[in-house]
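Single-structure report; data block below.
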Amino acid sequence: MERKFEEIYKIDVNDKTEKKGNLTYLSWAFAWAEFKKIYPEATYEVKKINGLPYVKDAEVGFMVYTSVTADGLTYEMWLPVMDSKNHAILKPTMFEINKTIMRCLAKNLAMFGLGLYIYAGEDLPEDDSDKAKNAPKTANKSNVDKFPEKKKEMPQGAKGEAWRLTASELVTKYEVESAEKVFLYYEKALGDIPRTEWDEETTAIIREDLSKRQAQKVAKKRLESVDGDLPFKEVEE
């Protein structure tokens with residue numbers, strides 16, 4: 001078990017994280033995929049209290065709980081539902097609660113070693129290799145390579161997520177001037193939810209909104225290109 005902890009702890013997950021306020025979050029989908037590679041029989045549970053996946057208090061807010069079991073060992077974890085400033089939300093939406101549950105799961109997996117160095121405030125996991133010892137400390141990769149156009153291109157669907165919205169799609173299909181600004185716009189519109197955490201349903205809604213905006217832009221351009229004035233009846237004075 002200890003050997004597996006060291007193996008998981010050494011996995012570099014920096015390019016699968018996002019910043020929210022002063023906290024760093026690891027993508028739950030990536031975390032679970034990596035964890036299952038090492039613990040194929042692993043299971044997780046979203047704790048329910050009185051049939052609900054959270055505990056609420058009118059004065060302090062909402063708290064969610066998860067547990068992960070692997071190799072005969074079970075760890076539990078909890079996480080409050082917070083806003084973009086990492087303050088407790090007293091009246092969260094179900095979307096915010098759902099996102100917090102999945103973040104709690106990622107935090108839960110850290111108890112087994114995956115991404116634990118992030119919660120310890122480190123930039124890179126510990127490694128006994130000379131390469132790791134000589135490597136300079138760097139800022140979180142997610143801050144440097146925040147948008148897809150700055151990353152090495154990866155074939156659509158290489159990780160089973162062909163539905164994800166990409167920068168190239170924004171530029172070529174929706175003809176936006178800046179993919180970065182579009183991503184920031186929708187992240188803010190969703191309550192500061194980073195695009196790496198958008199699910200398939202949310203992405204479909206964003207595509208629909210983009211299509212409507214594009215159609216309106218095209219219609220307006222066509223109207224502006226028509227020569228002549230509209231034949232309105234003149235009003236006698």
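Just so we're on the same page: first chain in the structure tokens is A, next is B, and so on; residues restart at 1 for each chain, and ligands are numbered from 1 in the order they show up.
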
Near Ala215 in chain A, counting only C-alpha atoms, which residues have an atom at most 10 Å away, once you skip same-chain residues fewer than 6 positions from it, shown as JSON, numbers by chain? {"A": [174, 209, 221]}

Identify, on the basis of only C-alpha atoms, every residue whose closest approach to range 31-37 of chain A does not exceed 9 Å; exclude the query and any residue fewer than 4 positions from it along the same chain; express the result as a VMD selection string. chain A and resid 8 11 13 16 26 to 27 41 to 43 105 to 106 109 to 110 112 114 to 115

Next, dump the selected residues to file, keeping only C-alpha atoms, as an mmCIF file, in the first residue's frame.
```cif
data_model
loop_
_atom_site.group_PDB
_atom_site.id
_atom_site.type_symbol
_atom_site.label_atom_id
_atom_site.label_comp_id
_atom_site.auth_asym_id
_atom_site.auth_seq_id
_atom_site.Cartn_x
_atom_site.Cartn_y
_atom_site.Cartn_z
ATOM 1 C CA ILE A 8 0.477 7.911 -7.070
ATOM 2 C CA ILE A 11 2.191 11.693 -10.738
ATOM 3 C CA VAL A 13 -1.111 16.587 -12.430
ATOM 4 C CA LYS A 16 -5.016 19.058 -15.264
ATOM 5 C CA LEU A 26 -7.694 19.079 -9.959
ATOM 6 C CA SER A 27 -10.009 17.789 -12.703
ATOM 7 C CA GLU A 41 -11.339 -2.209 -8.150
ATOM 8 C CA ALA A 42 -11.610 1.198 -6.453
ATOM 9 C CA THR A 43 -15.071 2.565 -5.629
ATOM 10 C CA LEU A 105 -13.994 13.447 -4.819
ATOM 11 C CA ALA A 106 -10.755 14.789 -6.307
ATOM 12 C CA LEU A 109 -8.306 10.871 -3.986
ATOM 13 C CA ALA A 110 -5.512 13.124 -2.741
ATOM 14 C CA PHE A 112 -4.308 8.249 -1.417
ATOM 15 C CA LEU A 114 -2.930 11.749 -6.170
ATOM 16 C CA GLY A 115 -2.283 15.501 -6.321
#
```

Record the distance separating CA of Arg222 in chain A and CA of Glu175 in chain A, expressed in Å with one decimal. 16.1 Å

Find the residues around range 181-192 of chain A up to 10 Å (only C-alpha atoms counted), leave out those fewer than 6 positions away in its own chain, and share them as a ChimeraX atom specification. /A:20-21,83-85,95-96,147,165-167,170,198,202-203,206,210

Would you please work out which residue, of A:Ala162, A:Leu73, A:Arg213, A:Pro92, is nearest to Asp57 in chain A when using only C-alpha atoms?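 Among the listed residues, the smallest separation from Asp57 in chain A belongs to A:Pro92.
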
Neighbours of Met77 in chain A within 7 Å (only C-alpha atoms; same-chain residues fewer than 6 positions away dropped), as a list in words? Tyr65, Thr66, Ser67, Cys104 and Asn108 of chain A

Grab the residues selected above and save them as a CSV table (one decimal), in the first residue's frame with C-alpha atoms.
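See selection.csv below for the written result:
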```csv
chain,number,residue,atom,x,y,z
A,65,TYR,CA,-19.0,14.4,1.8
A,66,THR,CA,-17.5,11.6,-0.2
A,67,SER,CA,-15.6,8.4,0.5
A,104,CYS,CA,-14.6,16.8,-3.1
A,108,ASN,CA,-10.7,12.5,-1.5
```

Go ahead and compute the interatomic distance for CA of Glu6 in chain A and CA of Phe30 in chain A, in Å to one decimal. 18.4 Å

Contacts of Leu52 in chain A at 12 Å (only C-alpha atoms; same-chain gap of 6+ positions) as a PyMOL selection string: chain A and resi 46+62-65+94+97-98+101

Using only C-alpha atoms, pick whichever of A:Glu59, A:Glu197, A:Glu208, A:Asp12 has the shortest atom-to-atom distance to Lys99 in chain A. A:Glu197

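We find CA of Ile38 in chain A and CA of Gly113 in chain A to be spaced 11.6 Å apart.
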